[in-house]
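S.K.: Data file entry-v3.pdb (PDB, C-alpha atoms) is appended below.
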```
ATOM      1  CA  GLN Z 204      -5.628 -13.906  -5.524
ATOM      2  CA  ALA Z 205      -8.909 -12.813  -3.976
ATOM      3  CA  LEU Z 206     -10.497 -12.124  -7.363
ATOM      4  CA  ASP Z 207      -9.226 -15.459  -8.682
ATOM      5  CA  ALA Z 208     -10.829 -17.225  -5.722
ATOM      6  CA  ALA Z 209     -14.115 -15.320  -5.962
ATOM      7  CA  ALA Z 210     -14.392 -15.403  -9.760
ATOM      8  CA  PRO Z 211     -12.214 -18.188 -11.168
ATOM      9  CA  GLN Z 212     -13.610 -17.572 -14.666
ATOM     10  CA  GLY Z 213     -12.458 -13.935 -14.493
ATOM     11  CA  GLY Z 214     -14.314 -10.801 -13.633
ATOM     12  CA  ILE Z 215     -14.142  -7.341 -12.128
ATOM     13  CA  ALA Z 216     -14.096  -6.410  -8.456
ATOM     14  CA  ALA Z 217     -15.826  -3.205  -7.422
ATOM     15  CA  ILE Z 218     -15.543  -1.538  -4.046
ATOM     16  CA  VAL Z 219     -18.699   0.246  -2.929
ATOM     17  CA  GLY Z 220     -18.088   3.761  -1.652
ATOM     18  CA  GLY Z 221     -14.525   4.929  -1.589
ATOM     19  CA  GLN Z 222     -12.589   7.379   0.539
ATOM     20  CA  ARG Z 223     -14.387  10.538  -0.610
ATOM     21  CA  VAL Z 224     -17.795   8.967  -0.098
ATOM     22  CA  PHE Z 225     -16.895   7.571   3.324
ATOM     23  CA  ASP Z 226     -15.450  10.943   4.410
ATOM     24  CA  MET Z 227     -18.560  12.749   3.158
ATOM     25  CA  PHE Z 228     -20.811  10.521   5.239
ATOM     26  CA  LEU Z 229     -18.563  10.992   8.281
ATOM     27  CA  ASP Z 230     -19.610  14.641   8.119
ATOM     28  CA  ALA Z 231     -23.273  13.798   7.438
ATOM     29  CA  GLY Z 232     -23.342  11.209  10.217
ATOM     30  CA  TYR Z 233     -23.475   7.446   9.964
ATOM     31  CA  ASP Z 234     -25.979   5.478  12.033
ATOM     32  CA  GLN Z 235     -23.977   2.317  11.353
ATOM     33  CA  PHE Z 236     -20.670   1.532   9.683
ATOM     34  CA  ASP Z 237     -19.518  -2.025   9.013
ATOM     35  CA  LEU Z 238     -15.716  -2.075   9.032
ATOM     36  CA  ALA Z 239     -14.016  -5.087   7.469
ATOM     37  CA  ARG Z 240     -10.284  -5.502   7.956
ATOM     38  CA  ALA Z 241      -7.886  -7.860   6.213
ATOM     39  CA  GLU Z 242      -4.706  -7.253   8.189
ATOM     40  CA  LYS Z 243      -2.468  -9.325   5.925
ATOM     41  CA  VAL Z 244      -3.564  -7.576   2.707
ATOM     42  CA  THR Z 245      -1.981  -4.524   1.140
ATOM     43  CA  ILE Z 246      -3.421  -2.956  -1.989
ATOM     44  CA  VAL Z 247      -0.581  -1.243  -3.825
ATOM     45  CA  GLY Z 248      -1.706   2.242  -4.796
ATOM     46  CA  GLY Z 249      -4.900   1.867  -2.782
ATOM     47  CA  LEU Z 250      -6.513   4.515  -0.601
ATOM     48  CA  ALA Z 251      -7.246   4.334   3.097
ATOM     49  CA  VAL Z 252     -10.927   4.050   4.019
ATOM     50  CA  PHE Z 253     -10.880   7.587   5.534
ATOM     51  CA  ALA Z 254      -8.507  10.419   4.580
ATOM     52  CA  ALA Z 255      -7.460  10.908   8.227
ATOM     53  CA  VAL Z 256      -5.897   7.426   8.261
ATOM     54  CA  VAL Z 257      -3.020   8.900   6.262
ATOM     55  CA  GLN Z 258      -2.428  11.267   9.214
ATOM     56  CA  GLY Z 259      -1.964   8.309  11.561
ATOM     57  CA  LEU Z 260      -5.487   7.818  12.895
ATOM     58  CA  THR Z 261      -7.050   4.362  12.817
ATOM     59  CA  PRO Z 262     -10.488   3.857  11.284
ATOM     60  CA  GLU Z 263     -11.681   2.738  14.722
ATOM     61  CA  ARG Z 264     -10.509   5.952  16.353
ATOM     62  CA  ILE Z 265     -12.122   8.042  13.609
ATOM     63  CA  LEU Z 266     -15.467   6.267  13.996
ATOM     64  CA  ALA Z 267     -15.351   6.573  17.802
ATOM     65  CA  ALA Z 268     -14.571  10.295  17.535
ATOM     66  CA  ARG Z 269     -17.755  10.679  15.452
ATOM     67  CA  GLY Z 270     -19.903   9.118  18.168
ATOM     68  CA  LEU Z 271     -20.045   5.535  16.949
ATOM     69  CA  MET Z 272     -19.373   2.575  19.228
ATOM     70  CA  ARG Z 273     -18.262  -0.925  18.298
ATOM     71  CA  ARG Z 274     -21.275  -3.164  18.901
ATOM     72  CA  SER Z 275     -19.880  -6.429  17.583
ATOM     73  CA  SER Z 276     -16.747  -7.887  16.116
ATOM     74  CA  ASP Z 277     -16.484 -11.203  14.280
ATOM     75  CA  VAL Z 278     -13.553 -13.117  12.888
ATOM     76  CA  LEU Z 279     -14.378 -13.987   9.303
ATOM     77  CA  ASP Z 280     -11.120 -15.769   8.478
ATOM     78  CA  ALA Z 281      -8.729 -16.441  11.361
ATOM     79  CA  ALA Z 282      -5.926 -17.786   9.169
ATOM     80  CA  ASN Z 283      -5.812 -14.549   7.190
ATOM     81  CA  ASP Z 284      -6.728 -12.194  10.058
ATOM     82  CA  VAL Z 285      -9.964 -10.950   8.483
ATOM     83  CA  THR Z 286     -12.500  -9.343  10.821
ATOM     84  CA  LEU Z 287     -15.803  -7.506  10.602
ATOM     85  CA  SER Z 288     -16.775  -4.915  13.216
ATOM     86  CA  VAL Z 289     -20.155  -3.213  13.378
ATOM     87  CA  TRP Z 290     -20.099   0.366  14.629
ATOM     88  CA  GLN Z 291     -23.335   2.092  15.624
ATOM     89  CA  ARG Z 292     -24.334   5.511  16.864
ATOM     90  CA  GLY Z 293     -25.136   5.956  20.557
TER      91      GLY Z 293
END
```
Written as structure tokens, how would this file's structure read?

M.R.:
Amino acid sequence: QALDAAAPQGGIAAIVGGQRVFDMFLDAGYDQFDLARAEKVTIVGGLAVFAAVVQGLTPERILAARGLMRRSSDVLDAANDVTLSVWQRG
């Protein structure tokens, strides 16, 4: 549905990064991480943003454990429970 809405003539959706890339930069150290959440969306066969999510940790807890703090949080789409939180170091 999202792709149909964004590209009604058809197209391809690409996700920048991916779990391995995000985990790699957790080790290297992010200065800022923008975390978007769509609470009502499930991607069948998809991967969690960080590998540790599979072990029961939330992305927010993982970012906080790496020294990042939530600096802002905005509701992008209230009807569909979509938010964007900006996490920054220090």

S.K.: Can you turn the PyMOL selection byres ((chain Z and resi 232) around 12) into a concrete residue list for this file, as a count of residues only?

M.R.: 21

S.K.: What does the structure give for the distance between atom CA of Leu279 of chain Z and atom CA of Gln258 of chain Z, in Å to one decimal?

M.R.: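 Rounded to one decimal, the two atoms are 27.9 Å apart.
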
S.K.: Please indicate the distance in Å from atom CA of Ala241 of chain Z to atom CA of Asp284 of chain Z, rounded to one decimal place.

M.R.: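 One can read the atom CA of Ala241 of chain Z to atom CA of Asp284 of chain Z distance as 5.9 Å.
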
S.K.: Using atom CA of Val278 of chain Z and atom CA of Ala239 of chain Z as the two end points, give the distance in Å to one decimal.

M.R.: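 Taking atom CA of Val278 of chain Z and atom CA of Ala239 of chain Z, their separation equals 9.7 Å.
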
S.K.: Skip Arg274 of chain Z itself and residues of its chain fewer than 4 positions away, then list as a list of chain:residue names all residues within 8 Å of it, counting all atoms listed in the file.

M.R.: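 Near neighbours after the sequence-gap exclusion: Z:Ser288, Z:Val289, Z:Trp290, Z:Gln291.
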
S.K.: Set up a box along x, y and z of the file covering all listed atoms of segment 259-266 of chain Z, add 6 Å on every one of the six sides, and write the centre and edge lengths in Å to one decimal, as JSON.

M.R.:
```
{"center_x": -8.7, "center_y": 5.5, "center_z": 13.8, "size_x": 25.5, "size_y": 17.6, "size_z": 17.1}
```
